[in-house]
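Trainee: What follows is structure_29.cif; its format and atoms are mmCIF, C-alpha atoms and all ligand atoms.
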```cif
data_final
loop_
_atom_site.label_atom_id
_atom_site.label_comp_id
_atom_site.auth_asym_id
_atom_site.auth_seq_id
_atom_site.Cartn_x
_atom_site.Cartn_y
_atom_site.Cartn_z
CA MET A 1 -46.82 -38.50 11.10
CA GLY A 2 -44.45 -35.62 10.47
CA ALA A 3 -43.73 -34.20 7.07
CA GLU A 4 -41.60 -36.38 4.80
CA LYS A 5 -39.41 -33.38 4.02
CA MET A 6 -38.14 -31.76 7.17
CA GLN A 7 -37.76 -27.99 6.94
CA GLY A 8 -35.62 -25.80 9.16
CA LYS A 9 -32.64 -28.11 9.51
CA ILE A 10 -29.34 -26.78 10.87
CA ALA A 11 -26.04 -28.16 9.53
CA LEU A 12 -22.64 -27.50 11.10
CA GLU A 13 -19.81 -29.32 9.33
CA GLU A 14 -19.93 -27.34 6.13
CA HIS A 15 -16.78 -26.07 4.48
CA PHE A 16 -15.52 -23.18 2.40
CA SER A 17 -12.04 -22.38 1.16
CA LEU A 18 -10.03 -19.48 -0.18
CA PRO A 19 -8.43 -19.72 -3.64
CA GLU A 20 -4.98 -20.09 -2.05
CA THR A 21 -5.96 -23.11 0.06
CA GLN A 22 -7.55 -25.15 -2.70
CA ASN A 23 -4.50 -27.04 -3.95
CA GLU A 24 -4.09 -29.09 -0.80
CA MET A 25 -7.53 -30.58 -1.42
CA SER A 26 -7.24 -31.55 -5.07
CA ARG A 27 -5.98 -35.02 -4.08
CA PHE A 28 -9.20 -35.65 -2.13
CA SER A 29 -11.55 -34.96 -4.98
CA ILE A 30 -13.16 -37.62 -7.05
CA PRO A 31 -11.47 -37.64 -10.49
CA GLY A 32 -13.45 -35.55 -12.94
CA THR A 33 -15.13 -33.49 -10.23
CA GLY A 34 -12.12 -31.45 -9.05
CA GLU A 35 -13.08 -28.18 -10.68
CA ASP A 36 -16.69 -28.50 -9.56
CA LEU A 37 -15.54 -29.19 -5.98
CA LYS A 38 -13.30 -26.12 -6.06
CA LYS A 39 -16.16 -23.95 -7.30
CA ARG A 40 -18.46 -25.32 -4.62
CA LEU A 41 -15.86 -24.63 -1.91
CA ILE A 42 -15.58 -20.97 -2.88
CA ASP A 43 -19.29 -20.40 -3.43
CA LEU A 44 -21.66 -19.57 -0.59
CA HIS A 45 -24.53 -17.62 -2.08
CA ASP A 46 -25.22 -19.47 -5.33
CA VAL A 47 -25.31 -23.31 -5.55
CA ARG A 48 -24.79 -23.84 -1.81
CA LEU A 49 -27.71 -21.65 -0.82
CA LYS A 50 -29.96 -23.03 -3.59
CA GLU A 51 -29.35 -26.57 -2.35
CA MET A 52 -30.05 -25.49 1.24
CA ASP A 53 -33.38 -24.07 0.04
CA GLU A 54 -34.20 -27.18 -1.95
CA PHE A 55 -33.38 -29.59 0.86
CA GLY A 56 -34.77 -27.72 3.85
CA ILE A 57 -31.55 -26.53 5.51
CA GLU A 58 -32.27 -23.20 7.15
CA LEU A 59 -28.87 -22.50 8.67
CA ALA A 60 -25.40 -23.84 7.83
CA ILE A 61 -22.38 -23.08 10.01
CA GLN A 62 -19.37 -22.70 7.75
CA SER A 63 -15.74 -23.54 8.48
CA PHE A 64 -12.41 -23.20 6.71
CA ASN A 65 -11.24 -26.27 4.78
CA ALA A 66 -9.00 -29.07 6.15
CA PRO A 67 -6.16 -29.22 7.01
CA GLY A 68 -6.10 -25.45 6.53
CA VAL A 69 -4.46 -23.46 9.29
CA GLN A 70 -3.38 -26.59 11.21
CA ALA A 71 -0.96 -27.59 8.43
CA VAL A 72 0.85 -24.25 8.24
CA ALA A 73 4.24 -24.77 9.89
CA ASP A 74 5.14 -21.10 10.24
CA THR A 75 3.34 -19.60 13.23
CA GLN A 76 3.15 -16.07 11.85
CA ALA A 77 1.79 -17.35 8.53
CA ALA A 78 -0.76 -19.52 10.38
CA MET A 79 -1.95 -16.50 12.38
CA GLU A 80 -2.34 -14.43 9.24
CA LEU A 81 -4.17 -17.17 7.34
CA ALA A 82 -6.61 -17.76 10.22
CA GLU A 83 -7.33 -14.06 10.52
CA ARG A 84 -7.87 -13.69 6.79
CA ALA A 85 -10.12 -16.75 6.56
CA ASN A 86 -12.17 -15.58 9.55
CA ASP A 87 -12.52 -12.02 8.23
CA ILE A 88 -13.69 -13.22 4.83
CA LEU A 89 -16.10 -15.71 6.38
CA ALA A 90 -17.54 -13.00 8.63
CA GLU A 91 -18.08 -10.75 5.62
CA GLU A 92 -19.85 -13.48 3.66
CA VAL A 93 -21.97 -14.58 6.63
CA ALA A 94 -23.04 -10.96 7.21
CA LYS A 95 -24.64 -10.91 3.74
CA ARG A 96 -27.04 -13.70 4.79
CA SER A 97 -26.87 -13.96 8.55
CA ASP A 98 -30.32 -15.59 8.44
CA ARG A 99 -28.82 -18.59 6.59
CA PHE A 100 -25.13 -18.77 7.49
CA ALA A 101 -22.99 -18.64 10.60
CA GLY A 102 -19.28 -19.18 11.19
CA PHE A 103 -16.86 -21.38 13.10
CA ALA A 104 -13.42 -19.84 13.65
CA ALA A 105 -10.19 -21.21 12.19
CA LEU A 106 -7.50 -20.95 14.87
CA PRO A 107 -3.66 -20.79 14.79
CA LEU A 108 -2.96 -23.41 17.45
CA GLN A 109 0.73 -23.15 16.59
CA ASP A 110 0.56 -20.52 19.37
CA PRO A 111 -2.03 -21.27 22.08
CA ASP A 112 -2.21 -17.63 23.22
CA ALA A 113 -2.70 -16.38 19.67
CA ALA A 114 -5.41 -19.02 19.21
CA CYS A 115 -7.20 -17.77 22.33
CA LYS A 116 -6.95 -14.18 21.13
CA GLU A 117 -8.31 -15.06 17.70
CA LEU A 118 -11.12 -17.16 19.19
CA THR A 119 -12.07 -14.26 21.45
CA ARG A 120 -12.10 -11.87 18.49
CA CYS A 121 -14.16 -14.27 16.37
CA ILE A 122 -16.79 -14.79 19.06
CA LYS A 123 -16.97 -11.29 20.54
CA ASP A 124 -16.43 -9.17 17.42
CA LEU A 125 -17.45 -11.40 14.50
CA GLY A 126 -20.33 -13.27 16.16
CA PHE A 127 -19.00 -16.77 15.40
CA LYS A 128 -20.58 -19.78 17.09
CA GLY A 129 -17.38 -21.56 18.13
CA SER A 130 -14.35 -22.96 16.32
CA LEU A 131 -13.51 -25.83 13.99
CA ILE A 132 -10.00 -27.26 14.28
CA ASN A 133 -8.55 -29.67 11.75
CA GLY A 134 -6.88 -32.11 14.11
CA PHE A 135 -3.35 -31.75 15.47
CA THR A 136 -1.23 -28.75 14.60
CA THR A 137 2.01 -28.72 12.70
CA ARG A 138 4.52 -26.22 14.09
CA GLU A 139 7.92 -25.18 12.74
CA SER A 140 8.30 -28.19 10.43
CA ALA A 141 5.77 -30.20 8.44
CA GLU A 142 6.79 -33.34 10.33
CA THR A 143 5.76 -32.12 13.79
CA VAL A 144 2.57 -33.14 15.55
CA HIS A 145 1.03 -31.20 18.42
CA TYR A 146 -2.05 -32.71 20.05
CA TYR A 147 -4.12 -30.50 22.34
CA ASP A 148 -3.77 -32.70 25.39
CA GLN A 149 -0.20 -31.38 25.64
CA PRO A 150 0.38 -29.17 28.73
CA GLU A 151 0.96 -26.00 26.69
CA TYR A 152 -2.68 -26.12 25.56
CA ARG A 153 -4.20 -26.02 29.07
CA SER A 154 -4.54 -22.23 28.87
CA PHE A 155 -6.26 -22.58 25.51
CA TRP A 156 -8.85 -24.96 27.00
CA ALA A 157 -9.43 -22.47 29.81
CA CYS A 158 -10.08 -19.88 27.10
CA VAL A 159 -12.52 -22.19 25.28
CA GLN A 160 -14.39 -22.81 28.53
CA ASP A 161 -14.53 -19.10 29.41
CA LEU A 162 -15.98 -18.21 26.02
CA GLY A 163 -18.58 -20.98 26.36
CA MET A 164 -18.69 -22.00 22.69
CA PRO A 165 -18.13 -25.48 21.18
CA LEU A 166 -14.93 -26.69 19.52
CA TYR A 167 -15.43 -28.95 16.50
CA LEU A 168 -12.51 -31.39 16.15
CA HIS A 169 -12.41 -32.09 12.42
CA PRO A 170 -10.33 -34.79 10.69
CA ARG A 171 -7.00 -34.57 8.93
CA ASN A 172 -4.60 -37.28 7.79
CA PRO A 173 -1.67 -38.36 9.99
CA ILE A 174 1.61 -36.72 8.96
CA ALA A 175 3.61 -38.41 6.20
CA SER A 176 6.00 -40.29 8.53
CA ARG A 177 3.03 -41.95 10.24
CA MET A 178 1.37 -43.06 7.02
CA GLN A 179 3.63 -46.12 6.52
CA SER A 180 0.81 -48.43 7.55
CA TYR A 181 -1.25 -47.16 4.62
CA LYS A 182 1.52 -47.61 2.04
CA GLY A 183 0.21 -49.41 -1.04
CA HIS A 184 -3.37 -48.99 0.19
CA PRO A 185 -4.21 -45.42 -0.81
CA TRP A 186 -7.96 -46.14 -0.72
CA LEU A 187 -7.68 -46.26 3.08
CA GLU A 188 -6.06 -42.83 3.31
CA ASN A 189 -8.17 -39.71 3.83
CA SER A 190 -11.90 -39.97 4.42
CA PRO A 191 -12.57 -43.75 4.09
CA TRP A 192 -10.47 -44.68 7.15
CA ALA A 193 -7.41 -42.57 8.07
CA PHE A 194 -9.42 -39.44 8.97
CA ALA A 195 -11.53 -41.31 11.51
CA MET A 196 -8.59 -43.18 13.07
CA GLU A 197 -6.65 -39.95 13.50
CA THR A 198 -9.60 -38.01 14.90
CA ALA A 199 -10.77 -40.78 17.22
CA LEU A 200 -7.24 -41.07 18.64
CA HIS A 201 -7.04 -37.32 19.23
CA THR A 202 -10.48 -37.28 20.87
CA LEU A 203 -9.59 -40.18 23.17
CA ARG A 204 -6.28 -38.51 24.08
CA LEU A 205 -8.25 -35.43 25.14
CA LEU A 206 -10.79 -37.45 27.15
CA GLY A 207 -8.10 -39.51 28.85
CA SER A 208 -5.83 -36.58 29.66
CA GLY A 209 -8.08 -35.13 32.34
CA ILE A 210 -8.74 -31.88 30.45
CA PHE A 211 -12.45 -32.28 31.07
CA ASP A 212 -11.87 -32.72 34.81
CA GLU A 213 -10.10 -29.37 34.77
CA TYR A 214 -12.49 -27.69 32.29
CA PRO A 215 -15.76 -29.59 32.70
CA LEU A 216 -17.84 -27.14 30.70
CA VAL A 217 -15.93 -27.52 27.42
CA GLN A 218 -18.03 -29.02 24.62
CA LEU A 219 -16.32 -30.87 21.77
CA VAL A 220 -18.07 -31.77 18.55
CA ILE A 221 -16.91 -34.66 16.38
CA GLY A 222 -18.32 -35.59 13.00
CA HIS A 223 -19.13 -38.72 11.02
CA LEU A 224 -21.35 -40.04 13.85
CA GLY A 225 -18.46 -40.07 16.28
CA GLU A 226 -15.48 -41.20 14.20
CA ARG A 227 -16.19 -44.87 15.22
CA ILE A 228 -15.98 -44.14 18.98
CA PRO A 229 -19.64 -44.96 19.92
CA TYR A 230 -19.27 -48.45 18.45
CA ASP A 231 -16.31 -49.20 20.72
CA LEU A 232 -17.29 -47.23 23.80
CA TRP A 233 -18.15 -50.22 25.94
CA ARG A 234 -14.98 -52.07 25.02
CA LEU A 235 -12.80 -49.02 25.62
CA ASP A 236 -14.01 -48.62 29.21
CA HIS A 237 -14.05 -52.37 29.76
CA ARG A 238 -10.40 -52.76 28.80
CA ILE A 239 -9.21 -49.53 30.43
CA ARG A 240 -10.83 -50.61 33.71
CA LYS A 241 -8.83 -53.84 33.61
CA SER A 242 -5.63 -52.07 32.69
CA PRO A 243 -5.71 -48.31 33.37
CA GLN A 244 -1.93 -47.89 32.81
CA GLY A 245 -1.64 -44.55 34.58
CA LEU A 246 -4.69 -42.96 33.01
CA PRO A 247 -4.83 -39.34 34.31
CA ALA A 248 -8.60 -38.83 33.77
CA LYS A 249 -10.94 -39.31 36.75
CA LYS A 250 -13.97 -40.62 34.86
CA SER A 251 -14.79 -43.22 32.24
CA MET A 252 -14.74 -42.48 28.52
CA ARG A 253 -18.51 -42.92 28.53
CA GLU A 254 -18.96 -40.25 31.19
CA TYR A 255 -16.94 -37.72 29.19
CA MET A 256 -18.75 -38.64 25.98
CA LEU A 257 -22.04 -37.90 27.77
CA SER A 258 -20.92 -34.63 29.34
CA ASN A 259 -18.37 -33.10 26.94
CA VAL A 260 -18.92 -34.47 23.42
CA HIS A 261 -21.52 -34.04 20.68
CA LEU A 262 -21.65 -35.93 17.36
CA THR A 263 -22.83 -34.90 13.93
CA THR A 264 -24.16 -36.99 11.05
CA SER A 265 -21.64 -35.51 8.58
CA GLY A 266 -20.82 -37.98 5.81
CA ASN A 267 -22.34 -40.96 7.63
CA PHE A 268 -25.82 -41.43 6.23
CA TYR A 269 -26.86 -44.85 7.51
CA ASP A 270 -29.65 -45.77 9.91
CA PRO A 271 -27.99 -48.63 11.85
CA THR A 272 -25.02 -46.35 12.66
CA LEU A 273 -27.35 -43.53 13.70
CA HIS A 274 -29.37 -45.93 15.88
CA LEU A 275 -26.20 -47.12 17.63
CA ALA A 276 -25.04 -43.54 18.14
CA MET A 277 -28.44 -42.59 19.59
CA THR A 278 -28.41 -45.60 21.91
CA GLU A 279 -24.97 -44.69 23.24
CA MET A 280 -25.17 -40.87 23.23
CA GLY A 281 -28.86 -39.87 23.24
CA ALA A 282 -30.49 -37.79 20.50
CA ASP A 283 -29.73 -34.56 22.34
CA ARG A 284 -25.99 -35.06 21.72
CA ILE A 285 -26.37 -35.71 17.99
CA MET A 286 -26.75 -32.99 15.35
CA PHE A 287 -27.49 -33.14 11.64
CA SER A 288 -24.69 -32.13 9.24
CA VAL A 289 -23.83 -32.75 5.60
CA ASP A 290 -20.03 -32.16 5.15
CA TYR A 291 -20.70 -30.04 2.08
CA PRO A 292 -19.20 -29.97 -0.51
CA PHE A 293 -17.31 -33.23 0.13
CA GLU A 294 -20.72 -34.87 0.48
CA THR A 295 -23.86 -33.95 -1.42
CA THR A 296 -26.76 -32.23 0.29
CA SER A 297 -29.04 -34.61 -1.59
CA ASP A 298 -27.39 -37.76 -0.12
CA ALA A 299 -27.48 -36.35 3.41
CA VAL A 300 -31.03 -35.06 3.33
CA SER A 301 -32.72 -37.83 1.36
CA TRP A 302 -31.37 -40.21 4.00
CA PHE A 303 -32.04 -38.07 7.09
CA ASP A 304 -35.56 -36.95 6.20
CA LYS A 305 -36.60 -40.59 5.78
CA SER A 306 -34.50 -42.13 8.55
CA GLN A 307 -36.29 -44.56 10.83
CA ILE A 308 -36.33 -42.49 14.00
CA SER A 309 -39.19 -40.78 15.81
CA GLU A 310 -40.31 -37.35 14.70
CA VAL A 311 -39.29 -36.03 18.13
CA ASP A 312 -35.73 -37.33 17.64
CA LYS A 313 -35.67 -36.07 14.06
CA LEU A 314 -36.50 -32.57 15.21
CA GLN A 315 -33.96 -32.81 18.05
CA ILE A 316 -31.15 -33.96 15.75
CA GLY A 317 -32.14 -31.95 12.68
CA ARG A 318 -32.65 -28.62 14.37
CA THR A 319 -33.15 -28.24 18.12
C1 LIG B 401 -13.66 -32.91 4.91
O1 LIG B 401 -13.06 -31.84 5.10
O2 LIG B 401 -14.60 -33.25 5.59
C2 LIG B 401 -13.20 -33.78 3.80
C3 LIG B 401 -12.05 -33.44 3.12
C4 LIG B 401 -11.67 -34.24 2.08
C5 LIG B 401 -12.39 -35.37 1.73
C6 LIG B 401 -13.51 -35.71 2.41
C7 LIG B 401 -13.93 -34.92 3.45
O3 LIG B 401 -11.35 -32.36 3.47
O4 LIG B 401 -15.04 -35.27 4.13
ZN ZN B 402 -15.66 -32.07 6.96
#
```
Just give me the structure of the file as structure tokens.
Mentor:
Amino acid sequence: MGAEKMQGKIALEEHFSLPETQNEMSRFSIPGTGEDLKKRLIDLHDVRLKEMDEFGIELAIQSFNAPGVQAVADTQAAMELAERANDILAEEVAKRSDRFAGFAALPLQDPDAACKELTRCIKDLGFKGSLINGFTTRESAETVHYYDQPEYRSFWACVQDLGMPLYLHPRNPIASRMQSYKGHPWLENSPWAFAMETALHTLRLLGSGIFDEYPLVQLVIGHLGERIPYDLWRLDHRIRKSPQGLPAKKSMREYMLSNVHLTTSGNFYDPTLHLAMTEMGADRIMFSVDYPFETTSDAVSWFDKSQISEVDKLQIGRT
């Protein structure tokens, strides 16, 4: 039997913010905990690190809060915010590079600028990849740019050349597409809307043929796959019967098994993990918390005791 408390875990959907990007998140916080959440988002070296020590997380890859740079309509402002967030993160990570690493925030309002910033973050700042908060807004708050659009092909070439993963993180649909949630605010944000939006974006990417063109690109999606593993069989089953001009050469399952990894962020439940492992294999699943939107205690007290083999636990938790 392995130790009950696993040491040396690595987590990779962990968030920080800057003071100027905190307001957009206040509506997500649980009433009464807003100020604490804000403090936790700014802090790296105090409570965050103490909890990592307490719960056996050796390394946590940090990323800029959602929707962050993706929601900045002005391209120049988005470029400046990304650069600032990445510089500050690099500075903080450098203080404890044994415990923290960084994912780049990228101004996808301009695909070339995003490639330049990603190159800088990986080559000069030592970041481990990027984390993108869903589609990008550009010019006006009501625009939506998904990365299967042709203007992003050069960006995907850049991601492949640099050889580092891209984490596709949730955001809400834009206001004009939230009609279906009207009167049901409990379904907005993290309970449901985040996953629907992120699953749709992921499936758009898989179906668009981007991974035929750039087969080495590795996407990461959180929350044990944003519901996709559960429906993977049905997706391919129905698409096969009615492909409707699908550009991609392979099945969704094939892309999931060659181009996508999942994390356990905010989804701390054995049956869901078992299903994800059955569909994806333990080597495509990685432990994460989603700090500070989730508690380290909830994530770890579940994961350390989850009913999986010690080999799988090590694979998912660290290797
Ligand atoms: C997240 O970034 O993961 C997040 C939010 C807001 C609420 C929940 C959540 O930004 O997981
Ligand atoms: Zn998150």
Trainee: From the set A:Leu206, A:Leu131, A:Met252, A:Ala193, which residue has the shortest atom-to-atom contact distance to ligand ZN 402 (chain B), counting all atoms listed in the file?
Mentor: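 Closest residue, counting all atoms listed in the file: A:Leu131.
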Trainee: Between CA of Leu81 (chain A) and CA of Thr136 (chain A), what is the distance in Å, rounded to a tenth?
Mentor: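 Computed distance, CA of Leu81 (chain A) to CA of Thr136 (chain A), equals 14.0 Å.
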Trainee: Let me have all residues with an atom within 8 Å of ligand LIG 401 (chain B), counting only C-alpha atoms and all ligand atoms, laid out as a ChimeraX atom specification.
Mentor: /A:13-15,25,28-29,65-67,169-171,189-190,265-266,290-291,293-294
Trainee: Could you state the separation of CA of Met164 (chain A) and CA of Met280 (chain A) in Å, given to one decimal place?
Mentor: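 Taking CA of Met164 (chain A) as the start and CA of Met280 (chain A) as the end point, the length is 20.0 Å.
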Trainee: When you draw a straight line from CA of Asp110 (chain A) to CA of Glu91 (chain A), how long is it in Å?
Mentor: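 Going from CA of Asp110 (chain A) over to CA of Glu91 (chain A), I get 25.1 Å.
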Trainee: Neighbourhood query: residues within 10 Å of (-0.6, -26.4, 8.5), file coordinates, counting only C-alpha atoms; return as a VMD selection string.
Mentor: chain A and resid 66 to 75 77 to 78 81 107 to 109 133 135 to 141
Trainee: Rank nothing, just name the residue among A:Thr198, A:Asp53, A:Pro243, A:Val220 nearest to Ser130 (chain A), using only C-alpha atoms.
Mentor: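 Closest to Ser130 (chain A) of all the choices is A:Val220.
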Trainee: Skip Leu235 (chain A) itself and residues of its chain fewer than 4 positions away, then list as a PyMOL selection string all residues within 10 Å of it, counting only C-alpha atoms.
Mentor: chain A and resi 203+228-231+239-240+251-253
Trainee: Using only C-alpha atoms and all ligand atoms, which of A:His223, A:Lys5, A:Lys249, A:His274 sits nearest ligand ZN 402 (chain B)?
Mentor: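 Nearest to ligand ZN 402 (chain B): A:His223.
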Trainee: Within 12 Å of Trp156 (chain A), counting only C-alpha atoms, which residues show up once you throw out same-chain ones fewer than 3 positions away? Write them as a ChimeraX atom specification, please.
Mentor: /A:108,111-112,114-115,118,147-153,159-166,205,209-219
Trainee: Taking C-alpha atoms for each residue, export the selection above as a short mmCIF file (atom, residue, chain, number, x, y, z; two decimals), keeping the file's coordinate frame.
Mentor:
```cif
data_model
loop_
_atom_site.label_atom_id
_atom_site.label_comp_id
_atom_site.auth_asym_id
_atom_site.auth_seq_id
_atom_site.Cartn_x
_atom_site.Cartn_y
_atom_site.Cartn_z
CA LEU A 108 -2.96 -23.41 17.45
CA PRO A 111 -2.03 -21.27 22.08
CA ASP A 112 -2.21 -17.63 23.22
CA ALA A 114 -5.41 -19.02 19.21
CA CYS A 115 -7.20 -17.77 22.33
CA LEU A 118 -11.12 -17.16 19.19
CA TYR A 147 -4.12 -30.50 22.34
CA ASP A 148 -3.77 -32.70 25.39
CA GLN A 149 -0.20 -31.38 25.64
CA PRO A 150 0.38 -29.17 28.73
CA GLU A 151 0.96 -26.00 26.69
CA TYR A 152 -2.68 -26.12 25.56
CA ARG A 153 -4.20 -26.02 29.07
CA VAL A 159 -12.52 -22.19 25.28
CA GLN A 160 -14.39 -22.81 28.53
CA ASP A 161 -14.53 -19.10 29.41
CA LEU A 162 -15.98 -18.21 26.02
CA GLY A 163 -18.58 -20.98 26.36
CA MET A 164 -18.69 -22.00 22.69
CA PRO A 165 -18.13 -25.48 21.18
CA LEU A 166 -14.93 -26.69 19.52
CA LEU A 205 -8.25 -35.43 25.14
CA GLY A 209 -8.08 -35.13 32.34
CA ILE A 210 -8.74 -31.88 30.45
CA PHE A 211 -12.45 -32.28 31.07
CA ASP A 212 -11.87 -32.72 34.81
CA GLU A 213 -10.10 -29.37 34.77
CA TYR A 214 -12.49 -27.69 32.29
CA PRO A 215 -15.76 -29.59 32.70
CA LEU A 216 -17.84 -27.14 30.70
CA VAL A 217 -15.93 -27.52 27.42
CA GLN A 218 -18.03 -29.02 24.62
CA LEU A 219 -16.32 -30.87 21.77
#
```
Trainee: Out of A:Thr295, A:Gly245, A:Arg204, A:Phe303, which residue has the shortest atom-to-atom distance to ligand ZN 402 (chain B) when counting only C-alpha atoms and all ligand atoms?
Mentor: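 Among A:Thr295, A:Gly245, A:Arg204, A:Phe303, it is A:Thr295 that comes nearest to ligand ZN 402 (chain B).
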Trainee: Between A:Asn267, A:Ser309, A:Thr272, A:Thr319, which residue has the minimum interatomic distance to ligand ZN 402 (chain B), considering only C-alpha atoms and all ligand atoms?
Mentor: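 With only C-alpha atoms and all ligand atoms as the atom set, the closest residue is A:Asn267.
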Trainee: Give the answer as one residue: which of A:Arg234, A:Lys128, A:His184, A:Lys241 has the shortest atom-to-atom distance to Leu12 (chain A), using only C-alpha atoms?
Mentor: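 Once distances to Leu12 (chain A) are computed over only C-alpha atoms, the minimum belongs to A:Lys128.
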Trainee: Given the point (-13.3, -14.1, 14.1) in the coordinates of this file, which residues lie within 10 Å, counting only C-alpha atoms, and how would they look as a ChimeraX atom specification?
Mentor: /A:82-90,102-106,116-130
Trainee: Output C-alpha atoms for every residue in that selection, as a PDB file, in the coordinates of the input.
Mentor:
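Just written: again_14.pdb:
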```pdb
ATOM      1  CA  ALA A  82      -6.610 -17.760  10.220  1.00  0.00           C
ATOM      2  CA  GLU A  83      -7.330 -14.060  10.520  1.00  0.00           C
ATOM      3  CA  ARG A  84      -7.870 -13.690   6.790  1.00  0.00           C
ATOM      4  CA  ALA A  85     -10.120 -16.750   6.560  1.00  0.00           C
ATOM      5  CA  ASN A  86     -12.170 -15.580   9.550  1.00  0.00           C
ATOM      6  CA  ASP A  87     -12.520 -12.020   8.230  1.00  0.00           C
ATOM      7  CA  ILE A  88     -13.690 -13.220   4.830  1.00  0.00           C
ATOM      8  CA  LEU A  89     -16.100 -15.710   6.380  1.00  0.00           C
ATOM      9  CA  ALA A  90     -17.540 -13.000   8.630  1.00  0.00           C
ATOM     10  CA  GLY A 102     -19.280 -19.180  11.190  1.00  0.00           C
ATOM     11  CA  PHE A 103     -16.860 -21.380  13.100  1.00  0.00           C
ATOM     12  CA  ALA A 104     -13.420 -19.840  13.650  1.00  0.00           C
ATOM     13  CA  ALA A 105     -10.190 -21.210  12.190  1.00  0.00           C
ATOM     14  CA  LEU A 106      -7.500 -20.950  14.870  1.00  0.00           C
ATOM     15  CA  LYS A 116      -6.950 -14.180  21.130  1.00  0.00           C
ATOM     16  CA  GLU A 117      -8.310 -15.060  17.700  1.00  0.00           C
ATOM     17  CA  LEU A 118     -11.120 -17.160  19.190  1.00  0.00           C
ATOM     18  CA  THR A 119     -12.070 -14.260  21.450  1.00  0.00           C
ATOM     19  CA  ARG A 120     -12.100 -11.870  18.490  1.00  0.00           C
ATOM     20  CA  CYS A 121     -14.160 -14.270  16.370  1.00  0.00           C
ATOM     21  CA  ILE A 122     -16.790 -14.790  19.060  1.00  0.00           C
ATOM     22  CA  LYS A 123     -16.970 -11.290  20.540  1.00  0.00           C
ATOM     23  CA  ASP A 124     -16.430  -9.170  17.420  1.00  0.00           C
ATOM     24  CA  LEU A 125     -17.450 -11.400  14.500  1.00  0.00           C
ATOM     25  CA  GLY A 126     -20.330 -13.270  16.160  1.00  0.00           C
ATOM     26  CA  PHE A 127     -19.000 -16.770  15.400  1.00  0.00           C
ATOM     27  CA  LYS A 128     -20.580 -19.780  17.090  1.00  0.00           C
ATOM     28  CA  GLY A 129     -17.380 -21.560  18.130  1.00  0.00           C
ATOM     29  CA  SER A 130     -14.350 -22.960  16.320  1.00  0.00           C
TER      30      SER A 130
END
```
